[in-house]
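Participant: Handing over target_24.cif, mmCIF, C-alpha atoms.
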data_target
loop_
_atom_site.group_PDB
_atom_site.id
_atom_site.type_symbol
_atom_site.label_atom_id
_atom_site.label_comp_id
_atom_site.auth_asym_id
_atom_site.auth_seq_id
_atom_site.Cartn_x
_atom_site.Cartn_y
_atom_site.Cartn_z
ATOM 1 C CA MET A 1 45.818 51.833 118.514
ATOM 2 C CA LEU A 2 44.445 55.149 117.210
ATOM 3 C CA ARG A 3 47.925 56.694 117.342
ATOM 4 C CA GLN A 4 49.402 53.776 115.390
ATOM 5 C CA ILE A 5 46.649 54.016 112.737
ATOM 6 C CA ARG A 6 47.258 57.769 112.299
ATOM 7 C CA GLU A 7 50.995 57.203 112.016
ATOM 8 C CA ALA A 8 50.454 54.535 109.368
ATOM 9 C CA HIS A 9 48.163 56.878 107.376
ATOM 10 C CA ARG A 10 50.777 59.655 107.586
ATOM 11 C CA LYS A 11 53.539 57.353 106.302
ATOM 12 C CA GLU A 12 51.321 56.152 103.490
ATOM 13 C CA GLU A 13 50.544 59.747 102.402
ATOM 14 C CA LYS A 14 54.273 60.652 102.402
ATOM 15 C CA GLN A 15 55.013 57.572 100.322
ATOM 16 C CA GLN A 16 52.291 58.493 97.830
ATOM 17 C CA GLU A 17 53.659 62.066 97.535
ATOM 18 C CA ALA A 18 57.167 60.714 96.962
ATOM 19 C CA ASN A 19 55.906 58.287 94.301
ATOM 20 C CA LEU A 20 54.007 61.120 92.586
ATOM 21 C CA LYS A 21 57.153 63.295 92.468
ATOM 22 C CA ASN A 22 59.186 60.427 91.092
ATOM 23 C CA LYS A 23 56.500 59.743 88.517
ATOM 24 C CA ARG A 24 56.474 63.400 87.383
ATOM 25 C CA LYS A 25 60.245 63.441 87.199
ATOM 26 C CA SER A 26 60.321 60.258 85.189
ATOM 27 C CA LEU A 27 57.732 61.675 82.758
ATOM 28 C CA LYS A 28 59.948 64.681 82.083
ATOM 29 C CA GLU A 29 62.949 62.458 81.588
ATOM 30 C CA GLU A 30 61.018 60.206 79.204
ATOM 31 C CA GLU A 31 59.836 63.237 77.234
ATOM 32 C CA GLN A 32 63.413 64.533 76.956
ATOM 33 C CA GLU A 33 64.653 61.115 75.840
ATOM 34 C CA ARG A 34 61.954 60.806 73.174
ATOM 35 C CA ARG A 35 62.768 64.291 71.914
ATOM 36 C CA ASP A 36 66.502 63.545 71.722
ATOM 37 C CA ILE A 37 65.869 60.298 69.840
ATOM 38 C CA GLY A 38 63.545 62.068 67.406
ATOM 39 C CA LEU A 39 66.106 64.809 66.719
ATOM 40 C CA LYS A 40 68.921 62.308 66.173
ATOM 41 C CA ASN A 41 66.995 60.359 63.554
ATOM 42 C CA ALA A 42 67.142 61.706 60.021
ATOM 43 C CA LEU A 43 63.952 62.474 58.116
ATOM 44 C CA GLY A 44 62.637 59.703 55.901
ATOM 45 C CA CYS A 45 60.690 59.641 52.662
ATOM 46 C CA GLU A 46 57.433 59.564 54.637
ATOM 47 C CA ASN A 47 58.046 63.194 55.604
ATOM 48 C CA LYS A 48 56.256 65.441 53.090
ATOM 49 C CA GLY A 49 58.814 68.256 53.269
ATOM 50 C CA PHE A 50 61.729 65.875 52.715
ATOM 51 C CA ALA A 51 59.864 64.219 49.843
ATOM 52 C CA LEU A 52 59.424 67.609 48.135
ATOM 53 C CA LEU A 53 63.158 68.325 48.519
ATOM 54 C CA GLN A 54 64.009 64.992 46.924
ATOM 55 C CA LYS A 55 61.757 65.780 43.978
ATOM 56 C CA MET A 56 63.740 69.023 43.486
ATOM 57 C CA GLY A 57 67.005 67.072 43.359
ATOM 58 C CA TYR A 58 68.060 67.173 46.968
ATOM 59 C CA LYS A 59 70.069 64.244 48.360
ATOM 60 C CA SER A 60 70.558 63.305 52.007
ATOM 61 C CA GLY A 61 73.706 64.983 53.492
ATOM 62 C CA GLN A 62 73.815 67.607 50.730
ATOM 63 C CA ALA A 63 73.934 71.346 51.553
ATOM 64 C CA LEU A 64 70.875 73.430 50.768
ATOM 65 C CA GLY A 65 70.780 76.042 48.021
ATOM 66 C CA LYS A 66 71.197 76.062 44.267
ATOM 67 C CA SER A 67 74.976 76.442 44.526
ATOM 68 C CA GLY A 68 75.252 74.099 47.522
ATOM 69 C CA ASP A 69 76.542 76.758 49.982
ATOM 70 C CA GLY A 70 73.646 76.535 52.452
ATOM 71 C CA ILE A 71 73.385 74.681 55.755
ATOM 72 C CA VAL A 72 73.811 70.909 55.973
ATOM 73 C CA GLU A 73 72.484 70.228 59.466
ATOM 74 C CA PRO A 74 68.973 71.386 60.432
ATOM 75 C CA ILE A 75 68.518 74.373 62.718
ATOM 76 C CA PRO A 76 68.882 73.132 66.312
ATOM 77 C CA LEU A 77 65.818 73.001 68.526
ATOM 78 C CA ASN A 78 66.155 74.847 71.831
ATOM 79 C CA VAL A 79 63.390 73.815 74.207
ATOM 80 C CA LYS A 80 62.524 76.388 76.853
ATOM 81 C CA THR A 81 62.101 74.671 80.218
ATOM 82 C CA GLY A 82 62.170 77.646 82.626
ATOM 83 C CA LYS A 83 59.297 79.880 83.708
ATOM 84 C CA SER A 84 60.872 83.171 82.603
ATOM 85 C CA GLY A 85 59.393 85.078 79.668
ATOM 86 C CA ILE A 86 60.781 85.474 76.174
ATOM 87 C CA GLY A 87 63.827 87.747 76.104
ATOM 88 C CA HIS A 88 64.640 87.234 79.786
ATOM 89 C CA GLU A 89 67.987 85.585 79.044
ATOM 90 C CA ALA A 90 68.925 88.396 76.656
ATOM 91 C CA LEU A 91 68.021 90.893 79.376
ATOM 92 C CA LEU A 92 70.203 89.101 81.904
ATOM 93 C CA LYS A 93 73.054 89.007 79.400
ATOM 94 C CA ARG A 94 72.721 92.732 78.681
ATOM 95 C CA LYS A 95 72.664 93.547 82.402
ATOM 96 C CA ALA A 96 75.783 91.444 82.958
ATOM 97 C CA GLU A 97 77.556 93.264 80.105
ATOM 98 C CA GLU A 98 76.491 96.651 81.513
ATOM 99 C CA LYS A 99 77.741 95.650 84.957
ATOM 100 C CA LEU A 100 81.078 94.546 83.482
ATOM 101 C CA GLU A 101 81.365 97.787 81.498
ATOM 102 C CA SER A 102 80.576 99.826 84.621
ATOM 103 C CA TYR A 103 83.271 97.946 86.538
ATOM 104 C CA ARG A 104 85.786 98.596 83.760
ATOM 105 C CA ARG A 105 84.924 102.315 83.780
ATOM 106 C CA LYS A 106 85.426 102.468 87.543
ATOM 107 C CA ILE A 107 88.812 100.758 87.244
ATOM 108 C CA HIS A 108 89.796 103.159 84.441
ATOM 109 C CA MET A 109 88.687 106.214 86.448
ATOM 110 C CA LYS A 110 90.540 104.967 89.524
ATOM 111 C CA LYS A 111 93.682 104.494 87.453
ATOM 112 C CA GLU A 112 93.355 108.010 86.011
ATOM 113 C CA VAL A 113 92.895 109.494 89.502
ATOM 114 C CA GLU A 114 95.987 107.651 90.782
ATOM 115 C CA GLU A 115 98.053 108.773 87.787
ATOM 116 C CA ARG A 116 96.859 112.374 88.208
ATOM 117 C CA ALA A 117 97.711 112.301 91.930
ATOM 118 C CA ALA A 118 101.177 110.913 91.150
ATOM 119 C CA GLU A 119 101.750 113.626 88.531
ATOM 120 C CA GLN A 120 100.644 116.350 90.963
ATOM 121 C CA PHE A 121 103.023 114.951 93.586
ATOM 122 C CA ARG A 122 105.893 114.997 91.082
ATOM 123 C CA MET A 123 105.037 118.584 90.128
ATOM 124 C CA ARG A 124 104.930 119.673 93.790
ATOM 125 C CA LEU A 125 108.252 117.963 94.418
ATOM 126 C CA LYS A 126 109.783 119.596 91.348
ATOM 127 C CA ASN A 127 108.431 123.008 92.347
ATOM 128 C CA LYS A 128 109.855 122.566 95.848
ATOM 129 C CA GLN A 129 113.241 121.609 94.427
ATOM 130 C CA ASP A 130 113.164 124.577 92.028
ATOM 131 C CA GLU A 131 112.239 126.895 94.888
ATOM 132 C CA MET A 132 115.111 125.595 97.027
ATOM 133 C CA LYS A 133 117.512 126.047 94.105
ATOM 134 C CA LEU A 134 116.349 129.666 93.583
ATOM 135 C CA GLU A 135 116.819 130.417 97.282
ATOM 136 C CA GLY A 136 120.320 128.905 97.165
ATOM 137 C CA ASP A 137 121.230 130.993 94.090
ATOM 138 C CA LEU A 138 119.883 134.114 95.810
ATOM 139 C CA ARG A 139 122.016 133.497 98.910
ATOM 140 C CA ARG A 140 125.091 132.987 96.712
ATOM 141 C CA SER A 141 124.309 136.223 94.897
ATOM 142 C CA GLN A 142 123.886 138.108 98.189
ATOM 143 C CA ARG A 143 127.156 136.712 99.520
ATOM 144 C CA ALA A 144 128.993 137.621 96.313
ATOM 145 C CA CYS A 145 127.404 141.092 96.228
ATOM 146 C CA GLN A 146 128.433 141.809 99.802
ATOM 147 C CA GLN A 147 132.009 140.692 99.137
ATOM 148 C CA LEU A 148 132.383 142.634 95.866
ATOM 149 C CA ASP A 149 130.731 145.772 97.287
ATOM 150 C CA THR A 150 133.068 145.633 100.270
ATOM 151 C CA GLN A 151 136.078 145.389 97.942
ATOM 152 C CA LYS A 152 134.895 148.638 96.318
ATOM 153 C CA ASN A 153 134.524 150.270 99.760
ATOM 154 C CA ILE A 154 130.733 150.305 99.485
ATOM 155 C CA GLN A 155 129.564 150.366 103.110
ATOM 156 C CA VAL A 156 125.809 150.295 102.555
ATOM 157 C CA PRO A 157 124.084 147.989 100.015
ATOM 158 C CA ARG A 158 121.901 149.534 97.344
ATOM 159 C CA GLU A 159 118.977 147.590 98.804
ATOM 160 C CA ALA A 160 118.890 146.001 102.231
ATOM 161 C CA TRP A 161 118.278 142.527 100.832
ATOM 162 C CA TYR A 162 121.306 142.781 98.442
ATOM 163 C CA TRP A 163 123.492 141.536 101.302
ATOM 164 C CA LEU A 164 123.112 138.659 103.746
ATOM 165 C CA ARG A 165 122.337 139.836 107.256
ATOM 166 C CA LEU A 166 125.176 139.336 109.751
ATOM 167 C CA GLU A 167 124.725 136.356 112.068
ATOM 168 C CA GLU A 168 126.323 138.027 115.112
ATOM 169 C CA GLU A 169 125.064 141.508 115.988
ATOM 170 C CA THR A 170 124.482 143.469 119.148
ATOM 171 C CA GLU A 171 120.961 143.804 120.492
ATOM 172 C CA GLU A 172 120.794 147.498 119.638
ATOM 173 C CA GLU A 173 121.965 146.908 116.076
ATOM 174 C CA GLU A 174 119.472 144.067 115.732
ATOM 175 C CA GLU A 175 116.609 146.275 116.885
ATOM 176 C CA GLU A 176 117.623 149.105 114.535
ATOM 177 C CA GLU A 177 118.019 146.733 111.592
ATOM 178 C CA LYS A 178 114.737 145.021 112.431
ATOM 179 C CA GLU A 179 112.914 148.363 112.288
ATOM 180 C CA GLN A 180 114.631 149.214 108.992
ATOM 181 C CA ASP A 181 113.833 145.781 107.547
ATOM 182 C CA GLU A 182 110.173 146.092 108.538
ATOM 183 C CA ASP A 183 109.897 149.453 106.794
ATOM 184 C CA GLU A 184 111.673 148.156 103.711
ATOM 185 C CA TYR A 185 109.762 144.894 103.471
ATOM 186 C CA LYS A 186 106.438 146.676 103.838
ATOM 187 C CA SER A 187 107.157 148.633 100.662
ATOM 188 C CA GLU A 188 108.607 145.577 98.928
ATOM 189 C CA ASP A 189 106.676 142.725 97.361
ATOM 190 C CA LEU A 190 109.234 140.770 95.351
ATOM 191 C CA SER A 191 109.431 137.010 94.876
ATOM 192 C CA VAL A 192 112.669 135.033 95.202
ATOM 193 C CA LEU A 193 112.938 134.801 91.428
ATOM 194 C CA GLU A 194 112.461 138.554 90.984
ATOM 195 C CA LYS A 195 115.100 139.296 93.632
ATOM 196 C CA LEU A 196 117.507 136.863 91.968
ATOM 197 C CA GLN A 197 117.002 138.478 88.560
ATOM 198 C CA ILE A 198 117.529 141.998 89.958
ATOM 199 C CA LEU A 199 120.601 141.049 91.979
ATOM 200 C CA THR A 200 122.314 139.060 89.214
ATOM 201 C CA SER A 201 121.735 141.963 86.833
ATOM 202 C CA TYR A 202 123.333 144.296 89.394
ATOM 203 C CA LEU A 203 126.341 141.969 89.743
ATOM 204 C CA ARG A 204 126.795 141.780 85.972
ATOM 205 C CA GLU A 205 126.492 145.543 85.423
ATOM 206 C CA GLU A 206 128.317 146.793 88.525
ATOM 207 C CA HIS A 207 130.962 144.108 89.043
ATOM 208 C CA LEU A 208 130.968 142.193 85.717
ATOM 209 C CA TYR A 209 130.373 139.050 87.789
ATOM 210 C CA CYS A 210 128.312 135.939 87.014
ATOM 211 C CA ILE A 211 127.418 133.703 89.953
ATOM 212 C CA TRP A 212 126.913 130.626 87.751
ATOM 213 C CA CYS A 213 130.293 131.053 86.040
ATOM 214 C CA GLY A 214 131.848 132.056 89.377
ATOM 215 C CA THR A 215 134.008 134.575 87.485
ATOM 216 C CA ALA A 216 134.507 138.330 87.467
ATOM 217 C CA TYR A 217 135.202 139.331 83.861
ATOM 218 C CA GLU A 218 137.560 142.085 82.723
ATOM 219 C CA ASP A 219 135.028 144.148 80.772
ATOM 220 C CA LYS A 220 131.563 143.984 79.252
ATOM 221 C CA GLU A 221 132.869 142.588 75.982
ATOM 222 C CA ASP A 222 134.629 139.773 77.859
ATOM 223 C CA LEU A 223 131.411 139.104 79.808
ATOM 224 C CA SER A 224 129.180 138.960 76.719
ATOM 225 C CA SER A 225 131.669 136.793 74.797
ATOM 226 C CA ASN A 226 132.495 134.186 77.424
ATOM 227 C CA CYS A 227 129.418 134.023 79.682
ATOM 228 C CA PRO A 228 126.602 131.825 78.283
ATOM 229 C CA GLY A 229 123.868 134.117 79.588
ATOM 230 C CA PRO A 230 122.250 135.887 82.543
ATOM 231 C CA THR A 231 120.177 132.918 83.810
ATOM 232 C CA SER A 232 120.830 129.500 85.334
ATOM 233 C CA ALA A 233 119.200 127.772 82.346
ATOM 234 C CA ASP A 234 121.805 129.322 80.051
ATOM 235 C CA HIS A 235 124.517 127.508 82.006
ATOM 236 C CA ASP A 236 122.943 124.005 81.912
#
Please lay out the structure from this file as structure tokens.
Facilitator:
Amino acid sequence: MLRQIREAHRKEEKQQEANLKNKRKSLKEEEQERRDIGLKNALGCENKGFALLQKMGYKSGQALGKSGDGIVEPIPLNVKTGKSGIGHEALLKRKAEEKLESYRRKIHMKKEVEERAAEQFRMRLKNKQDEMKLEGDLRRSQRACQQLDTQKNIQVPREAWYWLRLEEETEEEEEEEKEQDEDEYKSEDLSVLEKLQILTSYLREEHLYCIWCGTAYEDKEDLSSNCPGPTSADHD
């Protein structure tokens, strides 16, 4: 019996708490309804402020101001129902805008980094292609120099690198040439471009030959008149 009485008391307390919550909720709803009804109803003559406006010539529905360019509807009433302080919503809005701006900056920076990486890759690829082209032009120049020197009975090149090294040589010749090459390359510090410029100048002066034209000219006047220039860019 005691257990049943306690259980009945507990149910009754829960019911009272539920009724109290419902009552509080209904009070808020009734307050909101009364406020909405009051705001929807227009002011009457019993309102002192409206009565003063009427005395100054104001009519219901007319815009405010001497020239009639003011507001028609009253300023809306925004009731604060939350527990946050004044300016909290503006703070949240500003933080959201700052977060959005930070995200946009990150996206912009990421895009710039990707574009810069792509440009660097294109530059590396172009430099590699240019380097391969210079090496190919140098080999052509060496091959042409060796052939033209041989036609003039020149047995030894002016510089060791003016000619291409023979692919088939005896071991003794290879060792001797290797020692000579080591001595020569130690004293030499020329890039592929510098070698190409020196060798093409030698071909033009000694043999009147241009590797990009692929022609040996009759004399210097013929070379200067018919060859576009001493570089590959002149022949593009």
Participant: By how many Å are CA of Ile211 in chain A and CA of Asp137 in chain A apart?
Facilitator: 7.9 Å
Participant: Using all atoms listed in the file, which residue out of A:His207, A:Asn78, A:Asp130, A:Ala63 lies closest to Lys152 in chain A?
Facilitator: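 Looking at the shortest contact to Lys152 in chain A, the residue is A:His207.
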Participant: Please measure the separation of CA of Arg158 in chain A and CA of Leu208 in chain A, giving the value in Å to one decimal.
Facilitator: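 Taking CA of Arg158 in chain A and CA of Leu208 in chain A, their separation equals 16.5 Å.
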Participant: Taking the file as shown, find all residues satisfying the PyMOL selection byres ((chain A and resi 193) around 10) and write them as a VMD selection string.
Facilitator: chain A and resid 131 134 to 135 137 to 138 190 to 192 194 to 199
Participant: Grab the residues selected above and save them as a PDB file, in the frame of the given file with C-alpha atoms.
Facilitator:
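Writing done, so here's out27.pdb:
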ATOM      1  CA  GLU A 131     112.239 126.895  94.888  1.00  0.00           C
ATOM      2  CA  LEU A 134     116.349 129.666  93.583  1.00  0.00           C
ATOM      3  CA  GLU A 135     116.819 130.417  97.282  1.00  0.00           C
ATOM      4  CA  ASP A 137     121.230 130.993  94.090  1.00  0.00           C
ATOM      5  CA  LEU A 138     119.883 134.114  95.810  1.00  0.00           C
ATOM      6  CA  LEU A 190     109.234 140.770  95.351  1.00  0.00           C
ATOM      7  CA  SER A 191     109.431 137.010  94.876  1.00  0.00           C
ATOM      8  CA  VAL A 192     112.669 135.033  95.202  1.00  0.00           C
ATOM      9  CA  GLU A 194     112.461 138.554  90.984  1.00  0.00           C
ATOM     10  CA  LYS A 195     115.100 139.296  93.632  1.00  0.00           C
ATOM     11  CA  LEU A 196     117.507 136.863  91.968  1.00  0.00           C
ATOM     12  CA  GLN A 197     117.002 138.478  88.560  1.00  0.00           C
ATOM     13  CA  ILE A 198     117.529 141.998  89.958  1.00  0.00           C
ATOM     14  CA  LEU A 199     120.601 141.049  91.979  1.00  0.00           C
TER      15      LEU A 199
END
Participant: Could you jot down the CA of Ile86 in chain A to CA of Asp36 in chain A separation for me, Å, one decimal place?
Facilitator: 23.1 Å
Participant: Could you name the residues that touch Tyr217 in chain A at 10 Å or less, counting only C-alpha atoms, but leaving out those on the same chain fewer than 5 positions away, as a PyMOL selection string?
Facilitator: chain A and resi 204+207-210+222-224+226-227
Participant: Nearest to Lys133 in chain A: which of A:Glu29, A:Ala51, A:Ala18, A:Ser232 is it, counting all atoms listed in the file?
Facilitator: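 Counting all atoms listed in the file, the residue closest to Lys133 in chain A is A:Ser232.
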Participant: Taking the block above, write range 84-202 of chain A with C-alpha atoms as an mmCIF file, in the first residue's frame.
Facilitator:
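Contents of selection-v5.cif, freshly written:
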data_model
loop_
_atom_site.group_PDB
_atom_site.id
_atom_site.type_symbol
_atom_site.label_atom_id
_atom_site.label_comp_id
_atom_site.auth_asym_id
_atom_site.auth_seq_id
_atom_site.Cartn_x
_atom_site.Cartn_y
_atom_site.Cartn_z
ATOM 1 C CA SER A 84 21.956 37.004 -25.436
ATOM 2 C CA GLY A 85 23.056 40.598 -24.876
ATOM 3 C CA ILE A 86 22.618 43.579 -27.158
ATOM 4 C CA GLY A 87 24.873 43.374 -30.212
ATOM 5 C CA HIS A 88 25.292 39.599 -29.994
ATOM 6 C CA GLU A 89 23.588 38.995 -33.340
ATOM 7 C CA ALA A 90 25.751 41.648 -35.004
ATOM 8 C CA LEU A 91 28.816 39.955 -33.522
ATOM 9 C CA LEU A 92 27.745 36.579 -34.871
ATOM 10 C CA LYS A 93 27.106 38.127 -38.278
ATOM 11 C CA ARG A 94 30.534 39.785 -38.314
ATOM 12 C CA LYS A 95 32.231 36.526 -37.307
ATOM 13 C CA ALA A 96 30.398 34.663 -40.069
ATOM 14 C CA GLU A 97 31.506 37.287 -42.616
ATOM 15 C CA GLU A 98 35.110 37.076 -41.367
ATOM 16 C CA LYS A 99 35.008 33.287 -41.612
ATOM 17 C CA LEU A 100 33.652 33.501 -45.167
ATOM 18 C CA GLU A 101 36.317 36.055 -46.115
ATOM 19 C CA SER A 102 39.038 33.845 -44.617
ATOM 20 C CA TYR A 103 37.744 30.881 -46.620
ATOM 21 C CA ARG A 104 37.752 32.954 -49.808
ATOM 22 C CA ARG A 105 41.343 34.063 -49.139
ATOM 23 C CA LYS A 106 42.421 30.455 -48.629
ATOM 24 C CA ILE A 107 40.766 29.413 -51.893
ATOM 25 C CA HIS A 108 42.432 32.342 -53.693
ATOM 26 C CA MET A 109 45.859 31.504 -52.227
ATOM 27 C CA LYS A 110 45.442 27.837 -53.139
ATOM 28 C CA LYS A 111 44.549 28.811 -56.694
ATOM 29 C CA GLU A 112 47.598 31.091 -56.919
ATOM 30 C CA VAL A 113 49.879 28.316 -55.614
ATOM 31 C CA GLU A 114 48.474 25.848 -58.170
ATOM 32 C CA GLU A 115 48.877 28.357 -61.006
ATOM 33 C CA ARG A 116 52.444 29.153 -59.904
ATOM 34 C CA ALA A 117 53.301 25.435 -59.733
ATOM 35 C CA ALA A 118 51.843 24.898 -63.216
ATOM 36 C CA GLU A 119 53.847 27.841 -64.584
ATOM 37 C CA GLN A 120 57.057 26.525 -62.994
ATOM 38 C CA PHE A 121 56.394 23.104 -64.527
ATOM 39 C CA ARG A 122 55.891 24.679 -67.958
ATOM 40 C CA MET A 123 59.117 26.664 -67.546
ATOM 41 C CA ARG A 124 61.064 23.539 -66.520
ATOM 42 C CA LEU A 125 59.634 21.649 -69.475
ATOM 43 C CA LYS A 126 60.503 24.496 -71.839
ATOM 44 C CA ASN A 127 64.024 24.749 -70.423
ATOM 45 C CA LYS A 128 64.482 20.995 -70.845
ATOM 46 C CA GLN A 129 63.283 21.180 -74.440
ATOM 47 C CA ASP A 130 65.574 24.154 -75.135
ATOM 48 C CA GLU A 131 68.498 22.293 -73.588
ATOM 49 C CA MET A 132 67.824 19.214 -75.728
ATOM 50 C CA LYS A 133 67.603 21.404 -78.837
ATOM 51 C CA LEU A 134 70.958 23.075 -78.016
ATOM 52 C CA GLU A 135 72.600 19.680 -77.520
ATOM 53 C CA GLY A 136 71.183 18.485 -80.855
ATOM 54 C CA ASP A 137 72.478 21.612 -82.642
ATOM 55 C CA LEU A 138 75.893 21.121 -81.027
ATOM 56 C CA ARG A 139 76.099 17.509 -82.230
ATOM 57 C CA ARG A 140 75.138 18.611 -85.752
ATOM 58 C CA SER A 141 77.814 21.293 -85.625
ATOM 59 C CA GLN A 142 80.436 18.791 -84.428
ATOM 60 C CA ARG A 143 79.480 16.334 -87.161
ATOM 61 C CA ALA A 144 79.620 19.051 -89.823
ATOM 62 C CA CYS A 145 82.929 20.394 -88.470
ATOM 63 C CA GLN A 146 84.520 16.957 -88.543
ATOM 64 C CA GLN A 147 83.355 16.348 -92.114
ATOM 65 C CA LEU A 148 84.448 19.767 -93.430
ATOM 66 C CA ASP A 149 87.799 19.641 -91.601
ATOM 67 C CA THR A 150 88.445 16.198 -93.053
ATOM 68 C CA GLN A 151 87.709 17.503 -96.560
ATOM 69 C CA LYS A 152 90.435 20.117 -95.996
ATOM 70 C CA ASN A 153 92.849 17.400 -94.797
ATOM 71 C CA ILE A 154 92.731 18.683 -91.221
ATOM 72 C CA GLN A 155 93.648 15.630 -89.134
ATOM 73 C CA VAL A 156 93.360 17.139 -85.663
ATOM 74 C CA PRO A 157 90.466 19.415 -84.574
ATOM 75 C CA ARG A 158 91.262 22.865 -83.250
ATOM 76 C CA GLU A 159 89.669 21.819 -79.960
ATOM 77 C CA ALA A 160 88.963 18.264 -78.894
ATOM 78 C CA TRP A 161 85.240 18.896 -78.522
ATOM 79 C CA TYR A 162 84.970 20.373 -82.084
ATOM 80 C CA TRP A 163 84.511 16.819 -83.374
ATOM 81 C CA LEU A 164 82.309 13.948 -82.231
ATOM 82 C CA ARG A 165 84.289 11.166 -80.604
ATOM 83 C CA LEU A 166 84.477 7.956 -82.653
ATOM 84 C CA GLU A 167 82.143 5.199 -81.470
ATOM 85 C CA GLU A 168 84.542 2.333 -82.275
ATOM 86 C CA GLU A 169 88.102 2.693 -80.985
ATOM 87 C CA THR A 170 90.762 0.375 -79.673
ATOM 88 C CA GLU A 171 91.336 0.147 -75.939
ATOM 89 C CA GLU A 172 94.704 1.878 -76.170
ATOM 90 C CA GLU A 173 93.289 4.745 -78.218
ATOM 91 C CA GLU A 174 90.396 5.050 -75.782
ATOM 92 C CA GLU A 175 92.753 5.275 -72.817
ATOM 93 C CA GLU A 176 94.946 7.876 -74.543
ATOM 94 C CA GLU A 177 91.938 9.943 -75.602
ATOM 95 C CA LYS A 178 90.409 9.629 -72.141
ATOM 96 C CA GLU A 179 93.573 11.057 -70.573
ATOM 97 C CA GLN A 180 93.632 13.876 -73.140
ATOM 98 C CA ASP A 181 89.933 14.610 -72.602
ATOM 99 C CA GLU A 182 90.395 14.743 -68.828
ATOM 100 C CA ASP A 183 93.221 17.254 -69.176
ATOM 101 C CA GLU A 184 91.251 19.340 -71.647
ATOM 102 C CA TYR A 185 87.987 19.291 -69.725
ATOM 103 C CA LYS A 186 89.729 20.271 -66.506
ATOM 104 C CA SER A 187 90.868 23.511 -68.130
ATOM 105 C CA GLU A 188 87.515 24.003 -69.850
ATOM 106 C CA ASP A 189 84.324 25.295 -68.280
ATOM 107 C CA LEU A 190 81.995 26.012 -71.190
ATOM 108 C CA SER A 191 78.238 25.496 -71.339
ATOM 109 C CA VAL A 192 76.474 23.846 -74.282
ATOM 110 C CA LEU A 193 75.334 27.239 -75.533
ATOM 111 C CA GLU A 194 78.853 28.685 -75.360
ATOM 112 C CA LYS A 195 80.278 25.686 -77.231
ATOM 113 C CA LEU A 196 77.567 26.005 -79.882
ATOM 114 C CA GLN A 197 78.290 29.709 -80.373
ATOM 115 C CA ILE A 198 82.056 29.112 -80.666
ATOM 116 C CA LEU A 199 81.698 26.173 -83.045
ATOM 117 C CA THR A 200 79.133 27.813 -85.341
ATOM 118 C CA SER A 201 81.354 30.888 -85.546
ATOM 119 C CA TYR A 202 84.277 28.633 -86.508
#
